Amino acid sequence: MRPHRKQLSRGFQRSRITMMPEGPEVKTLVDQLQGGVGKRLVNLQFVSGRYTTHGKPSGFEDFRNTMTNYMADPTENIDVVTSWNCKGKFIWLSLDQGKEKDGVDNSDDDFYRSIWITLGMSGRFVRDTFNADEDDGTAHKQPRWYFEFLDEGPTNPEKQTKKVYYYDTRNFGTLKFSLSKQELVDKLNSLGPDILDDEISPELFLDLFRKPRQSMNLSKFLMDQKKIAGVGNYILAEVLFRSKLDPWASLDEISDIQARTLYDEIIDVATSSYQKQGMTRRGGSYRDVDGNEGGYTFSLQCYGQEISPDGEAILRNTNGPHGRTIWYVESQLFMPLSERLSMANEKSATPKARKTKPAVEYEYVPRQDENVTLIDALECESWKNELSTFLGSEKFDRLSRFVQSERRFHTVYPLSQDVFTALNKCPFDKVKVVIIGQDPYHGEGQAHGLSFSVQKGMKVPPSLKNIYKELNSDLDIEIPDHGNLEKWAEQGVLLLNAVSTVREGKANSHAKMGWEDFSDEVVEKLNEKKEGIVFLLWGKPAQMKGSVVDQSKHKVIATSHPSPLGATKTAYPFLGSHCFSKCNAALEKYGKEPIDWNVD
């Protein structure tokens with residue numbers, strides 16, 4: 001199983017909707033039913049629904065003839081369940097060869113007993129909870145059928161049995177009984193690769209993606225279990241939303257890079273949902289075989305929601321491109337939906353002219369360093385140790401996933417290897433001064449992971465020019481011709497941004513995505529575990545970030561922001577504050593070496 005990658009989740013909650021069993025829920029269910037392996041199947045009773053009104057399932061009578069009455073032959077350990085398995089949404093349980101009986105040739109190499117189950121839209125199993133005396137006869141309270149098992153072990157001398165009931169409000173689930181190994185193999189081969197199977201590689205997915213008619217729409221392709229097994233409505237909506245792809249788009253509108261991103265999101269959503277036991281915190285839940293709802297730890301960003309993490313209204317269309325309900329946001333659409341539907345109507349009214357398209361050559365080339373995770377960029381061991389709890393938290397996983405997703409379709413600054421320059425250049429045990437900025441510069445080549453600092457060769461930004469002016473006025477330091485502040489970091493100045501990444505050309509574009517929690521954790525660790533740090537808090541946001549600082553242990557020097565808009569404003573203007581000389585005086589009072597504020 002792939003490493004667990006948790007998902008970013010935000011948005012407003014709407015009334016709970018019931019989750020339909022998809023790949024993760026089916027696999028979770030099969031996991032929970034493994035306790036039945038090794039137990040004898042002694043009965044299958046139909047209680048309500050299609051198999052009581054329209055006849056027994058396919059193959060049932062022949063299959064029943066292979067079973068042995070356990071009351072008449074209680075000493076035989078036969079008709080034992082050998083395995084519960086699933087592929088996508090398809091479930092099957094296998095039995096042993098059984099007892100040789102008249103009319104049943106179980107010596108045939110093809111003889112293999114299996115029971116096939118699909119859950120439909122609402123099917124689920126519940127252990128030992130049905131009480132016929134309390135049932136009021138309504139369909140939603142009645143099981144459709146049940147298995148009855150006998151544990152032949154020494155702990156069950158009285159031959160007590162246990163039942164597993166199958167409930168299905170919508171009554172779409174199916175049963176089939178098979179006595180042929182080849183029939184089961186053919187069924188499994190008719191299904192596409194399982195989204196929770198490690199064998200579905202990016203290359204295999206891209207190959208599958210290009211095989212169908214390229215005019216097929218994306219949603220129909222993903223929901224076709226013969227193409228890919230395990231995708232249902234909530235996975236469809238989630239992966240298209242996270243991949244920023246139009247649900248109505250045809251396959252030929254999707255580039256190979258977009259298809260690779262889609263693959264990543266399918267694996268990510270399915271794996272995360274499965275590893276969280278197929279349960280959701282927002283949007284609904286899928287109950288386990290004991291009738292319990294889960295811990296609501298896997299969150300949905302789109303399906304069943306009203307507002308997306310980016311603040312967009314989530315739209316719900318009951319006539320989606322696959323003939324079912326679809327959830328999406330307007331920005332996913334490659335063209336206005338009305339225009340696309342109009343074009344589709346025109347095409348359907350016009351005889352089609354066949355077009356021969358050249359074979360598609362594809363090679364996936366990652367954008368920037370999109371496969372580098374945040375945790376890989378943090379190299380400083382002392383910071384890793386101090387922040388270990390937060391780095392292992394769901395908050396950090398969501399943040400890491402968000403940044404990685406942003407890099408797929410946008411230029412993000414700084415590059416991954418530079419995101420934690422402030423921490424890597426200034427280890428926890430060496431921090432003497434903290435300067436808090438807002439977010440990185442969003443122009444090309446500027447940001448490199450230190451607040452207010454830009455790489456050499458770049459134009460010095462206005463705020464940094466004012467910082468240099470104050471240094472010159474305060475300490476008579478010559479104004480340098482570059483804006484790289486690494487020398488400060490190497491002396492123990494933590495140049496921390498409240499938000500550590502940004503989309504190109506869009507200031508504050510990564511605000512409120514989790515970085516604030518990270519920078520809060522950094523400040524709180526310094527405040528709690530160290531003494532004698534000087535906090536230079538420039539502007540109201542920095543002062544709010546530093547509001548937790550214990551001023552009986554640390555020195556806080558607060559001024560306005562050095563930006564031209566605020567450097568001379570407020571009761572405590574930055575220019576003329578002498579904050580750098582005050583900082584050094586405080587360090588000397590704490591018995592620490594002052595900072596050499598020269599950057600040349």
# chains A, B, ... in the order shown; residues from 1 in each chain; ligands from 1
>>> residues_around(residues="Glu524 in chain A", least_positions_apart="5", cutoff="12 Å", atoms="only C-alpha atoms", output="list of chain:residue names")
A:Glu386, A:Leu387, A:Phe390, A:Asp517, A:Phe518, A:Ser519, A:Lys529, A:Lys530, A:Lys545, A:Gly546, A:Ser547, A:Val548, A:Val549, A:Asp550
>>> select_by_dssp(residues="range 45-101 of chain A", states="alpha helix (DSSP H)", output="ChimeraX atom specification")
/A:50-53,60-65
>>> write_last_selection(atoms="N, CA and C atoms", output="PDB file, in the first residue's frame")
ATOM      1  N   ARG A  50     -35.605  -8.173  -4.010  1.00  0.00           N
ATOM      2  CA  ARG A  50     -35.765  -8.802  -5.324  1.00  0.00           C
ATOM      3  C   ARG A  50     -35.702 -10.329  -5.282  1.00  0.00           C
ATOM      4  N   TYR A  51     -34.870 -10.874  -4.392  1.00  0.00           N
ATOM      5  CA  TYR A  51     -34.695 -12.326  -4.392  1.00  0.00           C
ATOM      6  C   TYR A  51     -35.806 -13.067  -3.648  1.00  0.00           C
ATOM      7  N   THR A  52     -36.705 -12.329  -3.024  1.00  0.00           N
ATOM      8  CA  THR A  52     -37.896 -12.956  -2.450  1.00  0.00           C
ATOM      9  C   THR A  52     -39.102 -12.803  -3.372  1.00  0.00           C
ATOM     10  N   THR A  53     -39.034 -11.859  -4.287  1.00  0.00           N
ATOM     11  CA  THR A  53     -40.191 -11.606  -5.171  1.00  0.00           C
ATOM     12  C   THR A  53     -39.933 -12.022  -6.617  1.00  0.00           C
ATOM     13  N   PHE A  60     -27.805 -20.000  -7.800  1.00  0.00           N
ATOM     14  CA  PHE A  60     -28.022 -20.338  -6.395  1.00  0.00           C
ATOM     15  C   PHE A  60     -28.366 -21.811  -6.194  1.00  0.00           C
ATOM     16  N   GLU A  61     -29.293 -22.350  -7.002  1.00  0.00           N
ATOM     17  CA  GLU A  61     -29.751 -23.721  -6.789  1.00  0.00           C
ATOM     18  C   GLU A  61     -28.604 -24.711  -6.958  1.00  0.00           C
ATOM     19  N   ASP A  62     -27.804 -24.553  -8.026  1.00  0.00           N
ATOM     20  CA  ASP A  62     -26.670 -25.461  -8.234  1.00  0.00           C
ATOM     21  C   ASP A  62     -25.658 -25.331  -7.108  1.00  0.00           C
ATOM     22  N   PHE A  63     -25.443 -24.120  -6.665  1.00  0.00           N
ATOM     23  CA  PHE A  63     -24.485 -23.895  -5.584  1.00  0.00           C
ATOM     24  C   PHE A  63     -24.969 -24.556  -4.295  1.00  0.00           C
ATOM     25  N   ARG A  64     -26.260 -24.424  -3.994  1.00  0.00           N
ATOM     26  CA  ARG A  64     -26.815 -24.994  -2.778  1.00  0.00           C
ATOM     27  C   ARG A  64     -26.652 -26.512  -2.751  1.00  0.00           C
ATOM     28  N   ASN A  65     -26.691 -27.126  -3.915  1.00  0.00           N
ATOM     29  CA  ASN A  65     -26.539 -28.584  -3.985  1.00  0.00           C
ATOM     30  C   ASN A  65     -25.145 -29.046  -3.574  1.00  0.00           C
TER      31      ASN A  65
END
>>> atom_distance(atom1="CA of Ser83 in chain A", atom2="CA of Lys276 in chain A")
23.1 Å
>>> select_by_dssp(residues="range 36-264 of chain A", states="strand (DSSP E or B)", output="PyMOL selection string")
chain A and resi 40-46+58+80-87+90-95+101+104+111-118+123-127+145-150+161-168+174-180+194+217+229+250
>>> write_last_selection(atoms="C-alpha atoms", output="CSV table (one decimal), in the first residue's frame")
chain,number,residue,atom,x,y,z
A,40,ARG,CA,-18.3,-22.7,8.0
A,41,LEU,CA,-21.1,-21.2,5.9
A,42,VAL,CA,-24.2,-23.0,7.0
A,43,ASN,CA,-27.0,-20.9,5.7
A,44,LEU,CA,-28.0,-18.1,3.4
A,45,GLN,CA,-31.5,-16.9,3.9
A,46,PHE,CA,-33.4,-14.3,1.8
A,58,SER,CA,-28.2,-16.7,-10.7
A,80,VAL,CA,-15.5,-23.2,5.0
A,81,VAL,CA,-14.9,-19.7,3.8
A,82,THR,CA,-11.3,-19.6,2.5
A,83,SER,CA,-11.2,-15.9,1.6
A,84,TRP,CA,-13.0,-12.6,1.3
A,85,ASN,CA,-11.7,-10.5,-1.6
A,86,CYS,CA,-12.6,-7.4,-3.7
A,87,LYS,CA,-11.5,-5.6,-6.8
A,90,PHE,CA,-16.8,-6.1,-6.8
A,91,ILE,CA,-16.7,-8.5,-3.8
A,92,TRP,CA,-16.4,-12.2,-3.8
A,93,LEU,CA,-16.0,-14.8,-1.1
A,94,SER,CA,-14.5,-18.3,-1.8
A,95,LEU,CA,-15.4,-21.6,-0.2
A,101,LYS,CA,-21.8,-35.5,-3.4
A,104,VAL,CA,-21.5,-32.5,-8.0
A,111,PHE,CA,-14.6,-26.5,-9.9
A,112,TYR,CA,-14.4,-23.5,-7.6
A,113,ARG,CA,-17.1,-22.2,-5.4
A,114,SER,CA,-17.5,-18.4,-5.1
A,115,ILE,CA,-20.2,-16.0,-4.2
A,116,TRP,CA,-20.2,-12.6,-6.0
A,117,ILE,CA,-21.6,-9.5,-4.3
A,118,THR,CA,-22.1,-5.9,-5.5
A,123,GLY,CA,-25.6,-2.0,0.3
A,124,ARG,CA,-23.9,-2.7,3.6
A,125,PHE,CA,-23.3,-5.6,6.0
A,126,VAL,CA,-24.2,-5.6,9.7
A,127,ARG,CA,-23.3,-8.3,12.2
A,145,TRP,CA,-30.6,-11.5,3.1
A,146,TYR,CA,-28.1,-12.9,5.6
A,147,PHE,CA,-25.1,-15.3,5.8
A,148,GLU,CA,-25.0,-17.6,8.8
A,149,PHE,CA,-21.6,-19.0,9.9
A,150,LEU,CA,-20.5,-21.7,12.3
A,161,THR,CA,-23.9,-19.7,14.8
A,162,LYS,CA,-23.5,-16.0,13.9
A,163,LYS,CA,-25.3,-14.1,11.2
A,164,VAL,CA,-24.1,-11.3,9.0
A,165,TYR,CA,-27.0,-9.3,7.6
A,166,TYR,CA,-27.1,-7.5,4.3
A,167,TYR,CA,-29.1,-4.2,4.2
A,168,ASP,CA,-29.8,-2.3,1.0
A,174,THR,CA,-26.7,-8.1,-6.5
A,175,LEU,CA,-25.7,-11.7,-5.6
A,176,LYS,CA,-24.4,-14.4,-7.9
A,177,PHE,CA,-23.2,-17.9,-7.2
A,178,SER,CA,-20.5,-19.6,-9.3
A,179,LEU,CA,-19.0,-23.0,-9.4
A,180,SER,CA,-16.4,-22.2,-12.1
A,194,ASP,CA,-8.1,-1.4,-8.9
A,217,ASN,CA,-16.1,12.4,-21.7
A,229,ALA,CA,-12.2,-0.3,-10.9
A,250,SER,CA,-13.6,14.8,-23.5
>>> residues_around(residues="Trp538 in chain A", least_positions_apart="2", cutoff="9 Å", atoms="only C-alpha atoms", output="CSV table (one decimal) with C-alpha atoms, in the first residue's frame")
chain,number,residue,atom,x,y,z
A,435,ILE,CA,12.0,39.0,12.4
A,436,ILE,CA,8.5,38.1,11.1
A,437,GLY,CA,7.4,39.0,7.6
A,536,LEU,CA,11.5,42.5,16.1
A,540,LYS,CA,0.4,44.7,13.1
A,541,PRO,CA,0.4,41.2,11.5
A,542,ALA,CA,3.8,40.5,13.0
A,543,GLN,CA,2.8,41.9,16.3
A,557,ILE,CA,10.6,45.6,20.0
A,558,ALA,CA,7.4,46.6,18.1
A,559,THR,CA,7.3,49.3,15.3
A,560,SER,CA,5.2,49.9,12.2
A,561,HIS,CA,6.0,48.0,9.0
A,562,PRO,CA,9.1,49.1,7.0
A,574,PHE,CA,9.8,52.0,11.8
>>> closest_residue(among="A:Asp246, A:Glu528, A:Asp31, A:Glu330", to="Leu262 in chain A", atoms="only C-alpha atoms")
A:Asp246
>>> closest_residue(among="A:Met121, A:Leu399, A:Ile195, A:Cys426", to="Thr169 in chain A", atoms="only C-alpha atoms")
A:Met121
